[in-house]
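Working notes, beginning with the structure itself.
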Amino acid sequence: MFLSVTLTGPHAPDLGFLLHKHPGRVQTFDLAAGRATVLYPVDEPGESTCALLLDIDPIALVRGKRFRSESGLLDQYVNDRPYAASSLVSVALGRVFRSALNGECPARPGLADRALPLTVRIPCVPVRTHRDASADAQVRALFEPLGWTVDARSVPLAPGLDWGDAPYVDLTLSGEQRLADALSHVYVLLPVLDNAKHYWVGSDEVEKLLRRAEAWLPAPPARDLIPRRYLAFRREFVADATARLDALDGAVPDTAGAAADTGDGALPEPADETGPAGETVAAGEVAPAVPSMPETGSADVAGRPPLAARRAEAVLNTLHEVDARRVVDLGCGEGHYLRRLIADPHFTEILGVDVSPRALATAERRLRLHRLSDRQRARLTLRQSSATYRDDGLAGYDAILLVEVIEHIPPDRLESVAANVFGAARPSHVVVTTPNVEYNAVYGLPEGRLRHADHRFEWTRAEFAAWAAAVADVHGYDVELRGVGDVDPDRGAPTQLAVFGRRAA
Amino acid sequence: MRELHVPALSLVALVGVSGSGKSTFGARAFAPFEVIGSDFCRGLVSGDENDQAASGDAFDVLHYIVGKRLDRGLLTVVDATNVSAESRAALVALARDHDVLPVALVLDVDVNLAIERNRARPDRAFGEGPVRRQHAQLRRSLRGGAKEGFRAVHVLKGPAEIDEATIVRDPLLNDRRSLHGPFDIVGDVHGCLDELLDLLATLGYAVSRDDRGRPVDAAHAEGRTAVFLGDLVDRGPAVAGVLRLVMGMTAAGHALAVPGNHEAKLVRALDGRNVNVSHGLAQTLAELDAEPPEFRRAVRDWCYDLVSHLVLDDGNLVVAHAGLKEAYHGRASGRVRSFALYGDTDGETDEFGLPVRYPWAEEYRGRALVAYGHTPTTDLEWVNNTICLDTGCVFGGMLSALRYPERETVQVPARAVHCEPVKPLGGARPAERPRDELRLDDVLGRRAVETAGGRVTVTAENAAGAFEVMSRFALHPRLVPYLPATMCPVATSQREGYLEHPEEAFAQYAAWSVGNVVCEEKHMGSRAVVYLRPDGGAVYTRTGRTFFPGDLTETLLGRVRAAATTAGLFGELGSEWLLLDAELLPWSAKSMGLLREQYAPVGAAAELALPSAVAAVESARARGLDVTETADWTQARLADARAYAAAWRRYVWPTEGLDGVQLAVFQVLAAEGRTFVDVDHRWHLDLSDRLVAADPGLFRATRRRVVDLAEQADRDAATAWWEGLTADGGEGMIVKPLPDADGERRWARDVQPGVKVRGPEYLRIIYGPEYARPGNLARLRSRSLRHKASLAIREHALGRESLDRLVRGEPLWRVHEAVFAVLALESEPVDPRL
């Protein structure tokens, strides 16, 4: 909400003409989100500084729906918008300094086209760091290629608490620039740094921002960041019950959580199957919230992580082997396996169930169910269920898949899962896969670190074998254990797979 | 004037030709919506009430609507000509499908009058033909005189009789809801007179005898009513004696009875039908042969008149010999009777040649307690609010009774093995649902949870929303027997500078006829439920998540257990386990993510931006510019932002493991055998003080103050007390009603169990740093509390219900059903600032 532009040197007194704002006056402008004030703290022969102050009305922001929250929660009411320089500053620049942004300066012909010694100070720039980059590096990566000398200072998040740095920098840019360029750099890049997480601008606003940037778009990789972040804030607003319940617990709603539910769900999709462009980009953006999953780290050229693909192949081969045609994917997530099952006419009846309504909705969209023929559509049913509640609707199938599911279930509820799947539903076959924790060392994971933040446990081969044998014994199944993926001589395969076959009565 | 009697729950078929006045009669004699007309349904499906081509679809719709109404227990009238036998047969079948009685009301008018009436209606331009054909059909039907399966056929002749007739609704014979007992419900007696007398004596009944010393009545000094569950006869040594006594008790109004399958068979035998004289019937017949014929006659009539099941005590108790599923409660049909007499059978027999009885009780989800007998078992066991009281007395087991509403069982042993069982006792007991098994339909879909505070409905959408959290993040449901209800804030204050103020709470409770309230300091941390069990337990959040990993939880529970032992809680409450409601501090122990990602950055951003703005404005002022207005808002913003940062910062302190963690216990929710939700809050807080005394490092005291709402000075002093609390950085207080001096709780059910009054500084972290500026406050005052208040009441009712079910030892799904419903309601979108 504060920004200043300083011009030094012989042309300092002309700053007022360049900005079309008189240094001797205090001017105010009414904007949708509040009021802008322009005043000159300094107006000396060799130095002139113009300051823009934004008085943002946070309540009007909420009520006016110009402001969008990820979660619909308290962050609507308690947020940094009145203080941080976000897209609202860009909007204000566009309003207050429109002529200057356009490079117009009839009073001082030619001056607008000349590079001048400028300093831009923005004391509170929100920086949402991209992957592991530091805030400082990220700001430099964006502004230095444009010819700025960057001074970006971090401050502690909470003085007196060991909480690291705040997600803001005190930014000073200095360099020889045309004033119009300087303003447009700020105009475009502030929202980029902010990642647009907490606000919303109409799509025409986006077009304008992008148009401004055409002339000087930085080289990759910073260039890639820009349109992606703009698209990110077109992301659909998902008012989700899970987020509300998270808030009850004082937890930060985890928008990545649903995608990560069943491990495979978080994996990027093949390019030809993406939904609206923004979603895929958004999914990529939130991925860092999940600790690095080895299987996503080593994607092959097709964009399909080899382990996930090999696991899917192993699971489908197993289903063919036991001639299962009517199959339940228990914990289907966003439909990674359902897609493969539908594509294979061998499977005549497919039931996908998951605990998350959000995941089911995404699966429905990604599988493009509405485009399937009636006959195809009739093969697939999607509905909510859970392995921890007995569901008589799961009975009578040839096979139930529990692919990368059990490790997401608290250990004290596994007994109910076994009772419900093996005891009550009693399909002819059950296919269970789960990580082999011994293999984590091959990925370089430190001892004790699990592959996914939501994993409640990961088992050694011996632990999985013991569980599988006990379940098979109690419920009258035979079990065969297999490995999936590259086998390490000491640590086995990365994924463990168990095929349970119901014994004849 | 003619009175037409129809059962209160029945399908009434109006029968009459077009123009006979059915619709007019229906509209006059029945309530709106009770009459479903075929014309109306034709209109629904085709847009034209007289489109005969749409009749097929129209009758589908009609049957569907009628079926839904009957399922819901509503009398329904079908307004169609119904002159053909087929159409009436369809209605009889429909009534039977929904287990209600069908009744026909025939409107018999002169055919010429009907034709005349139709002629006056331009939309019925179908001429005389159809009406005459209908009339001919009707005549044939009436001539037959057969009831065609209808319970009653009333014929109204001519317009005068039709116009004057009134409908009288007779309660069903099984509808004894107005009887409230208390009851002593007795299982299968089978001629065991001595044991029955033992049992009645144990229950406190005084037996009267005739001049030959035979028991002919028994009455309870406190006016209790005995209820016999059938199978009084056969197998045992004194069938006639048992019948004499029980018939005497029912005649005197000291007992009720339902028939068993043995009575049903006895009636057929006495009526001279050909029955297979087995299963002890021979003894009965032999005994009755020794009795005078009038006694045999009386037995036959008494047994014949027994109603197959009874609905008692406002529908809270259902008795039937072999039990009854919920859909059949209060219904009347052949299959309802058959279920009540024989249970859920399909004709299959087991290895002993006895009918296989399906375990209907396992599936039972009803509100009413169902007491039944029929299947001899060794133990009395509650299954989903049902209990089988046949403990095989005649086979040498026990004779059992259930005291209702106390839900206590009373048993006396058999004096002898009067009859050898065909198969071992208890062998026929159905495989019960495992105690810990939860099913999808216990929680998903639209559900209504019956609570002591009324029925609470959970929408399918809310259930779906809570399902993921409950399945993936919550602790095992057996460790989560309760979830705290949300609490409503006090009515919005209009006082300058305040959004919430104590005086509004006092005024609110005074208006609710509460005399005294307690003001309890509200600790700013995270709501925590502590479930202390001998084998461990849990410390969990408002959504059932654990606060700490297993080992830390163990340690924490160990300390709580030690303190509770020192404070003498286990002994005093006579329990090995406790369920405590508490606040766990500091806030940062659980909500670190929220603090770091939301609260702290706001302060940091303000501290970065505003000093620069203030400095720039001061420089401009130094240049001689008039910056008064800008200086004002920048400085005010900075001051507000700093006050905000100070507000959240108070609720944060470092913790390491459990070091620094504190528990403020404010309620003992439940312990063995009882809940304490209704106990005076002062009692709870005294217990809390004792925990603090036992372990002051872990437990934190809750400051409080009792306020006599009639005394303004008392109220003012409490307000000053609140101001002191909040000025020191306290979150605020909770105001809760206290019982009167005589321990009575005189307020209504919809009175809030507590309201929160939050301090002005604390509210900065809820409504934003600058909420208290006059302009902002004015806008924020338009908040609506209605939805929140209603949620608080409903969740509170559910919370109490889950505790009630827990202490009654009900199966896990019953407790979980109510707990899950709290979470489901919590997923409803409501302003998070409230």
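Each chain in the structure tokens gets a letter, A, B and so on, in the order shown; residues start at 1 in every chain, and ligands are counted from 1 in the order they appear.
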| message | Distance limit 6 Å, atoms considered: only C-alpha atoms. Which chain B residues sit that close to chain A? Return them as a ChimeraX atom specification. | response | /B:438-440,465,468,591,593-594,602,604-606,608-609,616,619-620,767-768,827
Writing out the chosen residues with N, CA and C atoms as a compact mmCIF listing (two decimals), in the first residue's frame:
```txt
# COMPACT_ATOMS: atom_id res chain seq x y z
N LEU B 438 -18.86 -50.23 12.17
CA LEU B 438 -19.55 -49.03 11.68
C LEU B 438 -19.91 -49.27 10.24
N ARG B 439 -21.11 -48.83 9.89
CA ARG B 439 -21.52 -49.02 8.50
C ARG B 439 -21.72 -47.68 7.84
N LEU B 440 -21.59 -47.74 6.54
CA LEU B 440 -21.71 -46.53 5.75
C LEU B 440 -23.05 -45.83 6.01
N GLY B 465 -19.52 -34.01 3.57
CA GLY B 465 -18.40 -33.13 3.90
C GLY B 465 -17.63 -33.60 5.11
N GLU B 468 -15.06 -37.32 4.98
CA GLU B 468 -13.63 -37.41 4.68
C GLU B 468 -12.80 -37.14 5.93
N SER B 591 -2.28 -24.58 16.63
CA SER B 591 -2.60 -23.75 15.48
C SER B 591 -1.39 -23.01 14.93
N GLY B 593 0.32 -23.45 12.31
CA GLY B 593 0.23 -23.17 10.88
C GLY B 593 -0.59 -21.90 10.62
N LEU B 594 -1.70 -21.82 11.29
CA LEU B 594 -2.58 -20.67 11.12
C LEU B 594 -1.88 -19.39 11.56
N VAL B 602 0.30 -10.73 8.72
CA VAL B 602 -0.46 -9.48 8.65
C VAL B 602 0.26 -8.39 9.47
N ALA B 604 3.43 -8.40 10.32
CA ALA B 604 4.73 -8.12 9.72
C ALA B 604 4.57 -7.16 8.54
N ALA B 605 3.54 -7.39 7.73
CA ALA B 605 3.32 -6.54 6.56
C ALA B 605 3.04 -5.09 6.99
N ALA B 606 2.21 -4.96 8.02
CA ALA B 606 1.87 -3.62 8.49
C ALA B 606 3.13 -2.92 9.01
N LEU B 608 6.11 -3.37 8.10
CA LEU B 608 6.99 -2.99 7.00
C LEU B 608 6.48 -1.75 6.29
N ALA B 609 5.19 -1.75 5.98
CA ALA B 609 4.67 -0.72 5.09
C ALA B 609 4.38 0.60 5.80
N ALA B 616 6.96 9.20 5.07
CA ALA B 616 6.78 9.98 3.84
C ALA B 616 5.83 11.14 4.09
N SER B 619 7.56 13.84 6.01
CA SER B 619 8.44 14.63 5.15
C SER B 619 7.65 15.64 4.34
N ALA B 620 6.52 15.17 3.84
CA ALA B 620 5.68 16.07 3.05
C ALA B 620 5.16 17.21 3.91
N TYR B 767 -12.06 -10.00 13.56
CA TYR B 767 -12.71 -9.10 12.60
C TYR B 767 -11.72 -8.19 11.88
N GLY B 768 -10.44 -8.35 12.17
CA GLY B 768 -9.44 -7.52 11.51
C GLY B 768 -8.97 -6.43 12.45
N SER B 827 -19.72 -28.73 9.41
CA SER B 827 -19.23 -28.46 8.06
C SER B 827 -20.19 -27.55 7.31
```
Spatial neighbours of Arg794 in chain B, 9 Å, only C-alpha atoms, chain gap at least 6 places, as an mmCIF file with N, CA and C atoms, in the first residue's frame:
```
data_model
loop_
_atom_site.group_PDB
_atom_site.id
_atom_site.type_symbol
_atom_site.label_atom_id
_atom_site.label_comp_id
_atom_site.auth_asym_id
_atom_site.auth_seq_id
_atom_site.Cartn_x
_atom_site.Cartn_y
_atom_site.Cartn_z
ATOM 1 N N GLY B 453 -33.202 -34.116 23.106
ATOM 2 C CA GLY B 453 -33.638 -32.753 22.845
ATOM 3 C C GLY B 453 -34.353 -32.623 21.519
ATOM 4 N N GLY B 454 -34.819 -33.726 20.973
ATOM 5 C CA GLY B 454 -35.541 -33.670 19.707
ATOM 6 C C GLY B 454 -34.719 -34.236 18.569
ATOM 7 N N ARG B 455 -35.355 -34.318 17.428
ATOM 8 C CA ARG B 455 -34.732 -34.922 16.260
ATOM 9 C C ARG B 455 -33.838 -33.896 15.569
ATOM 10 N N VAL B 456 -32.632 -34.296 15.238
ATOM 11 C CA VAL B 456 -31.717 -33.401 14.528
ATOM 12 C C VAL B 456 -31.437 -34.006 13.158
ATOM 13 N N THR B 457 -31.691 -33.214 12.139
ATOM 14 C CA THR B 457 -31.506 -33.715 10.784
ATOM 15 C C THR B 457 -30.145 -33.283 10.252
ATOM 16 N N ALA B 485 -19.909 -28.957 20.936
ATOM 17 C CA ALA B 485 -20.786 -28.142 20.097
ATOM 18 C C ALA B 485 -20.158 -26.762 19.911
ATOM 19 N N VAL B 822 -22.521 -34.196 14.748
ATOM 20 C CA VAL B 822 -21.957 -32.915 15.195
ATOM 21 C C VAL B 822 -20.957 -32.411 14.154
ATOM 22 N N LEU B 825 -22.718 -31.151 11.073
ATOM 23 C CA LEU B 825 -23.302 -29.813 11.225
ATOM 24 C C LEU B 825 -22.202 -28.759 11.205
#
```
| said: I'd like the neighbourhood of range 397-399 of chain A as a PyMOL selection string, where a residue qualifies if any of its atoms comes within 7 Å (using only C-alpha atoms), though same-chain residues fewer than 3 positions away should be ignored. | reply: chain A and resi 324-328+394+427-430
| message | Need to verify the contact set: Arg379 in chain A, 8 Å, only C-alpha atoms, exclusion of same-chain residues closer than 6 positions in sequence. Can you return it as a PyMOL selection string? | response | chain A and resi 342+348-350
| task | Would you mind listing what lies within 12 Å of Glu711 in chain B as a VMD selection string, with only C-alpha atoms counted and same-chain residues fewer than 5 positions away left out? | result | chain B and resid 506 to 507 510 515 to 517 706 716 to 718
Selected residues written out with C-alpha atoms, as a PDB file, in the first residue's frame:
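New file result36.pdb:
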```pdb
ATOM      1  CA  PHE B 506     -27.245 -10.818  31.050  1.00  0.00           C
ATOM      2  CA  ALA B 507     -30.277  -9.298  29.392  1.00  0.00           C
ATOM      3  CA  ALA B 510     -32.869 -12.739  32.089  1.00  0.00           C
ATOM      4  CA  GLY B 515     -32.127 -16.295  37.561  1.00  0.00           C
ATOM      5  CA  ASN B 516     -28.404 -16.770  37.941  1.00  0.00           C
ATOM      6  CA  VAL B 517     -25.579 -17.208  35.514  1.00  0.00           C
ATOM      7  CA  VAL B 706     -21.747 -15.905  39.684  1.00  0.00           C
ATOM      8  CA  ASP B 716     -22.274  -4.101  36.540  1.00  0.00           C
ATOM      9  CA  ALA B 717     -19.646  -5.651  38.760  1.00  0.00           C
ATOM     10  CA  ALA B 718     -19.434  -8.642  36.424  1.00  0.00           C
TER      11      ALA B 718
END
```
| query | Looking at A:His20, A:Val89, A:His370, A:Ala180, which one is nearest to Gly34 in chain A, with distances taken over only C-alpha atoms? | reply |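 Selected residue with least distance to Gly34 in chain A: A:Val89.
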| query | So which residues of range 558-652 of chain B fall under alpha helix (DSSP H) by DSSP, listed as a PyMOL selection string? | reply | chain B and resi 558-566+569-573+587-594+600-622+628-649
| task | Identify, on the basis of only C-alpha atoms, every residue whose closest approach to Ala470 in chain A does not exceed 12 Å; exclude the query and any residue fewer than 4 positions from it along the same chain; express the result as a ChimeraX atom specification. | result | /A:414-415,418-419,422,463-466,474-479,500
| said: If I take CA of Leu319 in chain A and CA of His455 in chain A, how far is one from the other in Å, to one decimal? | reply: 25.6 Å
| said: With distances taken over only C-alpha atoms, which residue among A:Ala308, A:Val437, A:Leu338, A:Val315 lies nearest Arg368 in chain A? | reply: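 Smallest distance to Arg368 in chain A is found for A:Leu338.
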